[in-house]
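What follows is a single structure, written as structure tokens, with notes after it.
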Amino acid sequence: MLNGLPQFEAEGASSRGEWSADGQPHLRLALLYLLGLVPLVAISARLVWLQVVIPDQFTAVFQQLREEYEEIPSRDGRILAADGSILADDEVRQELHIHYRWLQEPPDERWLRQQALARLSRMERRESERVAAEEAWILSERQRLWRQIARLTGVAPEELEQQRAQVQARIESIAGRVRDGLEARQEQRVAAADQAEGDRTAWEQIWHRLHLELTAAPDRGEDDPLVIKEELTYHVILPSITPEAAAEIEAHPERYPGSRIQVQTRRFYPRGDFAAHLIGSRTALRDDELQERRAKLGESDPLDYHVGDPIGRNGLERTYDSRLHGLRGQRRLVLNRQGEIIQSEVVRAPQSGKDLVLTLDPELQSTAERLLDAALQQETPAGTIDDETTAGAAPQSIVPTGGALVAIDVQTGAILAAAAAPRFDLNLLIRPDVERWREVRDDPRKPMFPRLTRMALPPGSVYKAVSAVALLESGKITPDTAIDCRGYLDHPGQHRCLIFRHYGVGHGETRLTDALCRSCNVYFFAGARKAGPQALVDWSQQFGIGQPTGIDLPFEESGNLPSPAIKREPGQKPWYPGDTLGLSIGQSSLMVTPLQIVRMMAAIANDGWLVTPHLGSNQGPQLVDESGSFARSVATYPEPRKIAGLHHGTLAAVREGLTLVVEDPRGTAYKTARLPGITLAGKTGTAETGGGKPDHAWFAGFAPAEQPRVAFCVVLEHGGSGSKAAAPLARELVERMRELGLIQGGALSAGRD
């Protein structure tokens with residue numbers, strides 16, 4: 001039975017259909033190969049997928065481009081004198097900017113490798129020799145870049161190298177400070193963690209470490225590279241290059257990699273302090289001002305202001321800012337990951353601002369400024385008998401602290417000259433100089449104070465021209481009414497004429513024209529008593545006294561016209577009879593500006609039309625701007641207004657008296673203002689200031705007296721005698737008008753050849 005057992009087992013196994021690998025070894029091997037091939041195929045397929053199908057998903061971050069939009073500066077409009085000479089303009093500078101990686105020495109290795117890989121195909125990137133060769137080519141390209149810039153701009157290579165070193169030192173300093181800050185914060189975090197670790201129990205420490213191992217990312221052993229924004233931007237290498245050099249760089253970007261041209265504009269004033277208080281200045285718009293503007297105008301702001309845009313702060317720059325302001329353009333930039341510009345496209349071209357042509361005659365303006373400058377440096381004798389001052393004892397000599405001189409067309413109000421002194425250089429606000437700025441700031445004469453529009457002073461006897469109109473129009477006085485002047489009104493100690501103070505006598509029997517000629521205070525005292533204070537106030541208002549003239553300059557002072565009709569607060573002084581007497585000779589609390597006085601004289605000269613002084617011209621020459629189109633200066637201002645109720649005979653009598661002031665040997669300005677060959681009419685004024693300070697010197701009038709065309713006003717702050725200090729300046733100004741051909745044959749000429 002034992003001998004039959006194996007046979008039985010074999011037969012049994014065969015009969016159950018079981019498979020044996022011992023009889024088929026090749027099947028077992030095939031099975032093993034199959035089991036090993038499956039993962040290899042999967043891995044190979046994944047590699048093919050990674051290398052062929054989706055490689056861009058991994059390299060896209062290094063080749064990623066981004067779009068940015070930058071503003072293109074625009075030029076603001078120019079300000080030009082009547083002859084077309086430039087008084088304010090925008091200086092256009094073309095700056096050369098270089099990307100930091102192209103100036104860094106030695107070059108950043110990561111940047112260099114990325115630059116090389118970006119220029120190679122996928123297959124070429126696997127060849128280390130090819131990558132190294134491309135890196136060497138980029139290094140040589142950097143060297144050629146700087147050689148070409150030196151040759152194109154004419155700047156020495158050593159100077160360029162120094163500029164590169166300065167930029168790199170600044171950026172490395174920034175990176176160092178950032179790195180130190182990060183390290184300090186890291187040390188603080190480590191110290192805080194150690195402190196917290198020490199406060200935990202043993203079980204808490206075990207649990208905390210287990211939690212970190214399961215949740216925190218593993219430490220890779222090195223930190224990510226520190227990226228500084230300044231390392232990925234362009235920096236100024238040359239602040240100004242020629243237009244030809246800029247055009248070459250922009251036309252051939254392949255020759256100047258990492259380079260770009262940035263256009264900048266900056267306001268400048270070619271003539272420095274010329275008409276400084278008229279032209280004004282432009283400075284950068286602050287963020288808070290922009291937000292306030294947008295809150296007021298919303299998105300409908302037609303001027304499209306941006307932070308940093310120059311805006312008018314004062315003078316004509318402020319008044320005509322909306323006209324002068326240019327509109328910025330916009331450029332679309334395409335940049336790579338390193339911040340280098342790949343493509344540039346102008347989306348909106350910038351638009352230059354419009355020009356402003358002035359009525360100002362530059363030659364006459366220069367003369368006016370020269371006269372004032374000389375007056376502020378010259379000692380003037382104190383008031384004498386041929387003046388009309390009512391002040392007390394004055395110093396033996398006087399040096400004015402400031403002054404203004406203005407001349408206007410009596411028919412239109414166009415300003416031919418408007419000077420103020422002292423002045424300051426307008427470029428000082430654009431390019432500040434510490435020492436010069438300190439001098440201007442500390443000057444007690446206040447050079448930046450716009451005296452033409454803001455200086456309100458008592459006019460003294462210049463105001464007697466309006467007093468004369470008020471007396472005649474009141475009906476209480478006629479041109480032939482005689483008033484006996486004994487030198488004082490009621491008492492010898494007050495309300496006197498200067499002649500009485502010096503010689504103890506009066507002017508005797510005096511009529512209107514003689515009262516103006518000799519500036520008789522007693523005549524106007526007595527006349528004001530008859531006419532009453534309201535007549536003086538009403539006619540002063542008619543002539544624009546105590547009101548802004550409406551000149552196209554900002555922040556104009558209105559002055560002060562006292563009146564008995566003004567409601568007074570409790571505790572204030574009531575109107576006394578003495579106030580009426582003081583007002584009649586331009587004192588009391590009366591305060592006027594030079595513009596109000598010159599407009600008053602123009603109204604007397606042109607038969608009673610109140611003009612608006614203006615600097616902007618709507619009759620200026622047509623000038624071609626940069627785009628080749630015609631730019632015409634357009635300014636709007638009110639038409640002259642006829643003074644109601646004013647009789648021709650009244651003005652004729654006043655004009656006669658003002659002419660005698662200069663032409664009659666007894667006139668207060670006969671010795672100092674008379675000009676052979678042309679007849680002047682005017683009035684001197686010496687206004688009391690009080691406090692022991694010198695009086696203010698005035699002289700205002702018009703010329704030619706027979707056919708008035710130009711009205712003028714001169715005022716010297718604390719200048720003393722009107723006849724001695726102010727009248728000579730008016731005479732020289734009128735003489736200069738005749739030399740320049742502005743006054744010819746009793747008429748204002750249209751211009752000069």
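Naming scheme: A, B, ... for chains in displayed order of the structure tokens; residues 1 onward per chain; ligands 1 onward as shown.
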Contacts of region 654-656 of chain A within 8 Å, only C-alpha atoms, excl. fewer than 6 positions in-chain, as a PDB file with N, CA, C and O atoms, in the first residue's frame:
```pdb
ATOM      1  N   ALA A 465      -8.085 163.701  -4.527  1.00  0.00           N
ATOM      2  CA  ALA A 465      -8.729 163.709  -5.838  1.00  0.00           C
ATOM      3  C   ALA A 465     -10.166 163.215  -5.715  1.00  0.00           C
ATOM      4  O   ALA A 465     -11.090 163.765  -6.341  1.00  0.00           O
ATOM      5  N   ALA A 468     -12.237 165.801  -3.761  1.00  0.00           N
ATOM      6  CA  ALA A 468     -12.655 166.912  -4.617  1.00  0.00           C
ATOM      7  C   ALA A 468     -13.911 166.546  -5.393  1.00  0.00           C
ATOM      8  O   ALA A 468     -14.842 167.366  -5.527  1.00  0.00           O
ATOM      9  N   VAL A 469     -13.970 165.319  -5.915  1.00  0.00           N
ATOM     10  CA  VAL A 469     -15.172 164.878  -6.625  1.00  0.00           C
ATOM     11  C   VAL A 469     -16.370 164.884  -5.685  1.00  0.00           C
ATOM     12  O   VAL A 469     -17.465 165.361  -6.043  1.00  0.00           O
ATOM     13  N   LEU A 512     -10.861 175.202  -5.646  1.00  0.00           N
ATOM     14  CA  LEU A 512     -10.606 173.768  -5.770  1.00  0.00           C
ATOM     15  C   LEU A 512      -9.289 173.467  -6.470  1.00  0.00           C
ATOM     16  O   LEU A 512      -8.468 172.698  -5.959  1.00  0.00           O
ATOM     17  N   THR A 513      -9.077 174.033  -7.650  1.00  0.00           N
ATOM     18  CA  THR A 513      -7.870 173.690  -8.400  1.00  0.00           C
ATOM     19  C   THR A 513      -6.625 174.097  -7.634  1.00  0.00           C
ATOM     20  O   THR A 513      -5.622 173.382  -7.634  1.00  0.00           O
ATOM     21  N   LEU A 516      -5.962 171.638  -4.753  1.00  0.00           N
ATOM     22  CA  LEU A 516      -5.272 170.427  -5.217  1.00  0.00           C
ATOM     23  C   LEU A 516      -3.822 170.725  -5.546  1.00  0.00           C
ATOM     24  O   LEU A 516      -2.918 169.952  -5.200  1.00  0.00           O
ATOM     25  N   ILE A 604     -10.665 159.083 -13.277  1.00  0.00           N
ATOM     26  CA  ILE A 604     -10.651 160.544 -13.406  1.00  0.00           C
ATOM     27  C   ILE A 604     -10.166 160.942 -14.794  1.00  0.00           C
ATOM     28  O   ILE A 604     -10.674 161.886 -15.401  1.00  0.00           O
ATOM     29  N   ALA A 605      -9.200 160.173 -15.315  1.00  0.00           N
ATOM     30  CA  ALA A 605      -8.614 160.514 -16.609  1.00  0.00           C
ATOM     31  C   ALA A 605      -9.517 160.165 -17.776  1.00  0.00           C
ATOM     32  O   ALA A 605      -9.495 160.848 -18.810  1.00  0.00           O
ATOM     33  N   ALA A 681      -0.192 164.935 -15.026  1.00  0.00           N
ATOM     34  CA  ALA A 681      -1.153 165.322 -13.992  1.00  0.00           C
ATOM     35  C   ALA A 681      -1.024 164.315 -12.858  1.00  0.00           C
ATOM     36  O   ALA A 681      -0.851 163.114 -13.105  1.00  0.00           O
ATOM     37  N   ALA A 705      -1.541 164.751 -19.859  1.00  0.00           N
ATOM     38  CA  ALA A 705      -2.666 165.363 -19.158  1.00  0.00           C
ATOM     39  C   ALA A 705      -3.758 165.798 -20.121  1.00  0.00           C
ATOM     40  O   ALA A 705      -4.945 165.749 -19.782  1.00  0.00           O
TER      41      ALA A 705
END
```
Neighbour list for Ala275 (chain A) as a PyMOL selection string, cut-off 12 Å, only C-alpha atoms, skip fewer than 4 positions in-chain: chain A and resi 79-81+86-88+269-271+279-281+315-316+358+360-370+404-406+416-426+448+450-452+615
Selection near region 129-131 of chain A, 7 Å with only C-alpha atoms, sequence-local residues under 3 positions removed, as a PDB file with all heavy atoms, in the first residue's frame:
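This is the output file selection.pdb:
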```
ATOM      1  N   ALA A 116      20.569  83.870 -18.815  1.00  0.00           N
ATOM      2  CA  ALA A 116      21.114  82.910 -19.773  1.00  0.00           C
ATOM      3  C   ALA A 116      20.082  81.855 -20.145  1.00  0.00           C
ATOM      4  O   ALA A 116      19.903  81.529 -21.332  1.00  0.00           O
ATOM      5  CB  ALA A 116      22.369  82.261 -19.189  1.00  0.00           C
ATOM      6  N   LEU A 117      19.387  81.300 -19.165  1.00  0.00           N
ATOM      7  CA  LEU A 117      18.403  80.263 -19.440  1.00  0.00           C
ATOM      8  C   LEU A 117      17.246  80.805 -20.282  1.00  0.00           C
ATOM      9  O   LEU A 117      16.685  80.088 -21.111  1.00  0.00           O
ATOM     10  CB  LEU A 117      17.872  79.682 -18.132  1.00  0.00           C
ATOM     11  CG  LEU A 117      18.893  78.916 -17.275  1.00  0.00           C
ATOM     12  CD1 LEU A 117      18.242  78.447 -15.980  1.00  0.00           C
ATOM     13  CD2 LEU A 117      19.473  77.734 -18.038  1.00  0.00           C
ATOM     14  N   GLU A 124      18.914  73.226 -25.032  1.00  0.00           N
ATOM     15  CA  GLU A 124      20.202  73.883 -24.802  1.00  0.00           C
ATOM     16  C   GLU A 124      20.461  74.120 -23.324  1.00  0.00           C
ATOM     17  O   GLU A 124      21.618  74.198 -22.894  1.00  0.00           O
ATOM     18  CB  GLU A 124      20.239  75.212 -25.552  1.00  0.00           C
ATOM     19  CG  GLU A 124      20.303  75.052 -27.062  1.00  0.00           C
ATOM     20  CD  GLU A 124      20.177  76.382 -27.781  1.00  0.00           C
ATOM     21  OE1 GLU A 124      19.549  77.309 -27.209  1.00  0.00           O
ATOM     22  OE2 GLU A 124      20.689  76.505 -28.900  1.00  0.00           O
ATOM     23  N   ARG A 125      19.401  74.252 -22.537  1.00  0.00           N
ATOM     24  CA  ARG A 125      19.587  74.493 -21.111  1.00  0.00           C
ATOM     25  C   ARG A 125      20.240  73.316 -20.407  1.00  0.00           C
ATOM     26  O   ARG A 125      20.782  73.475 -19.314  1.00  0.00           O
ATOM     27  CB  ARG A 125      18.232  74.792 -20.459  1.00  0.00           C
ATOM     28  CG  ARG A 125      17.592  76.090 -20.920  1.00  0.00           C
ATOM     29  CD  ARG A 125      16.178  76.202 -20.419  1.00  0.00           C
ATOM     30  NE  ARG A 125      15.489  77.362 -21.003  1.00  0.00           N
ATOM     31  CZ  ARG A 125      14.187  77.556 -20.918  1.00  0.00           C
ATOM     32  NH1 ARG A 125      13.428  76.672 -20.272  1.00  0.00           N
ATOM     33  NH2 ARG A 125      13.643  78.610 -21.483  1.00  0.00           N
ATOM     34  N   GLU A 134      26.607  81.366 -22.682  1.00  0.00           N
ATOM     35  CA  GLU A 134      25.592  82.419 -22.724  1.00  0.00           C
ATOM     36  C   GLU A 134      25.793  83.415 -21.584  1.00  0.00           C
ATOM     37  O   GLU A 134      25.610  84.629 -21.763  1.00  0.00           O
ATOM     38  CB  GLU A 134      24.204  81.803 -22.646  1.00  0.00           C
ATOM     39  CG  GLU A 134      23.068  82.758 -22.999  1.00  0.00           C
ATOM     40  CD  GLU A 134      23.146  83.235 -24.436  1.00  0.00           C
ATOM     41  OE1 GLU A 134      23.595  82.441 -25.301  1.00  0.00           O
ATOM     42  OE2 GLU A 134      22.766  84.395 -24.697  1.00  0.00           O
ATOM     43  N   GLU A 135      26.171  82.921 -20.424  1.00  0.00           N
ATOM     44  CA  GLU A 135      26.462  83.824 -19.311  1.00  0.00           C
ATOM     45  C   GLU A 135      27.644  84.730 -19.641  1.00  0.00           C
ATOM     46  O   GLU A 135      27.634  85.932 -19.334  1.00  0.00           O
ATOM     47  CB  GLU A 135      26.745  83.017 -18.046  1.00  0.00           C
ATOM     48  CG  GLU A 135      25.520  82.314 -17.475  1.00  0.00           C
ATOM     49  CD  GLU A 135      25.862  81.523 -16.222  1.00  0.00           C
ATOM     50  OE1 GLU A 135      27.066  81.409 -15.910  1.00  0.00           O
ATOM     51  OE2 GLU A 135      24.934  81.023 -15.558  1.00  0.00           O
TER      52      GLU A 135
END
```
message: Please report the interatomic distance between CA of Gly487 (chain A) and CA of Phe500 (chain A) in Å with one decimal.
response: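 Pair CA of Gly487 (chain A) / CA of Phe500 (chain A) returns 4.8 Å.
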- request: Mind checking which residues fall within 10 Å of Lys642 (chain A), counting only C-alpha atoms, ignoring those fewer than 4 positions away in the same chain, and posting them as a list of chain:residue names?
  value: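 Skipping anything fewer than 4 positions along the chain leaves A:Gln542, A:Ala603, A:Asp607, A:Gly608, A:Trp609, A:Leu610, A:Val611, A:Leu646.
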message: According to DSSP computed on the backbone, where in region 530-643 of chain A is there helix (DSSP H, G or I)? Give the residues as a PyMOL selection string.
response: chain A and resi 530-531+533-542+577-584+594-605
Write the residues of the preceding selection, restricted to C-alpha atoms, as a PDB file, in the first residue's frame.
```pdb
ATOM      1  CA  LYS A 530     -20.243 171.191   4.484  1.00  0.00           C
ATOM      2  CA  ALA A 531     -20.661 168.025   2.405  1.00  0.00           C
ATOM      3  CA  PRO A 533     -18.982 162.236   5.707  1.00  0.00           C
ATOM      4  CA  GLN A 534     -21.478 160.174   3.731  1.00  0.00           C
ATOM      5  CA  ALA A 535     -20.697 162.060   0.517  1.00  0.00           C
ATOM      6  CA  LEU A 536     -17.029 161.123   0.927  1.00  0.00           C
ATOM      7  CA  VAL A 537     -17.915 157.492   1.593  1.00  0.00           C
ATOM      8  CA  ASP A 538     -20.390 157.184  -1.268  1.00  0.00           C
ATOM      9  CA  TRP A 539     -18.076 158.601  -3.911  1.00  0.00           C
ATOM     10  CA  SER A 540     -15.155 156.602  -2.577  1.00  0.00           C
ATOM     11  CA  GLN A 541     -17.212 153.485  -3.150  1.00  0.00           C
ATOM     12  CA  GLN A 542     -18.079 154.654  -6.648  1.00  0.00           C
ATOM     13  CA  PRO A 577     -16.448 164.901  13.419  1.00  0.00           C
ATOM     14  CA  GLY A 578     -12.684 164.510  13.444  1.00  0.00           C
ATOM     15  CA  ASP A 579     -13.053 161.254  11.526  1.00  0.00           C
ATOM     16  CA  THR A 580     -14.721 163.153   8.694  1.00  0.00           C
ATOM     17  CA  LEU A 581     -11.866 165.667   8.602  1.00  0.00           C
ATOM     18  CA  GLY A 582      -9.236 162.931   8.616  1.00  0.00           C
ATOM     19  CA  LEU A 583     -10.995 161.011   5.830  1.00  0.00           C
ATOM     20  CA  SER A 584     -11.106 164.115   3.622  1.00  0.00           C
ATOM     21  CA  PRO A 594      -1.775 150.807  -5.063  1.00  0.00           C
ATOM     22  CA  LEU A 595      -4.196 149.140  -7.495  1.00  0.00           C
ATOM     23  CA  GLN A 596      -7.177 151.016  -6.040  1.00  0.00           C
ATOM     24  CA  ILE A 597      -5.376 154.326  -6.384  1.00  0.00           C
ATOM     25  CA  VAL A 598      -4.242 153.739  -9.967  1.00  0.00           C
ATOM     26  CA  ARG A 599      -7.769 152.672 -10.932  1.00  0.00           C
ATOM     27  CA  MET A 600      -9.118 155.810  -9.262  1.00  0.00           C
ATOM     28  CA  MET A 601      -6.742 157.952 -11.336  1.00  0.00           C
ATOM     29  CA  ALA A 602      -7.697 156.085 -14.508  1.00  0.00           C
ATOM     30  CA  ALA A 603     -11.389 156.835 -13.859  1.00  0.00           C
ATOM     31  CA  ILE A 604     -10.651 160.544 -13.406  1.00  0.00           C
ATOM     32  CA  ALA A 605      -8.614 160.514 -16.609  1.00  0.00           C
TER      33      ALA A 605
END
```
- prompt: What's the 8 Å shell around Leu303 (chain A), counting only C-alpha atoms, without same-chain residues fewer than 4 positions away, as JSON, numbers by chain?
  reply: {"A": [322, 325, 326, 327]}
query: DSSP on the backbone: what in region 255-457 of chain A comes out strand (DSSP E), as JSON, numbers by chain?
result: {"A": [259, 260, 261, 262, 263, 264, 265, 266, 267, 268, 282, 283, 284, 310, 311, 312, 329, 330, 331, 332, 333, 334, 335, 341, 342, 343, 344, 345, 346, 347, 348, 356, 357, 380, 381, 397, 398, 402, 403, 404, 405, 406, 407, 408, 409, 415, 416, 417, 418, 419, 420, 421]}
task: Work out how far apart CA of Tyr100 (chain A) and CA of Leu232 (chain A) are and give it in Å to one decimal.
output: 6.5 Å
field: Spatial neighbours of Leu590 (chain A), 6 Å, only C-alpha atoms, chain gap at least 3 places, as an MDAnalysis selection string
entry: chainID A and resid 458 560:561 587
Selection file, C-alpha atoms, as a CSV table (one decimal), in the first residue's frame:
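Writing the result to selection-v4.csv gives the following:
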```csv
chain,number,residue,atom,x,y,z
A,458,PRO,CA,-3.3,155.2,4.3
A,560,ASN,CA,-10.7,149.6,4.5
A,561,LEU,CA,-13.1,152.5,3.9
A,587,GLN,CA,-6.2,159.6,6.9
```
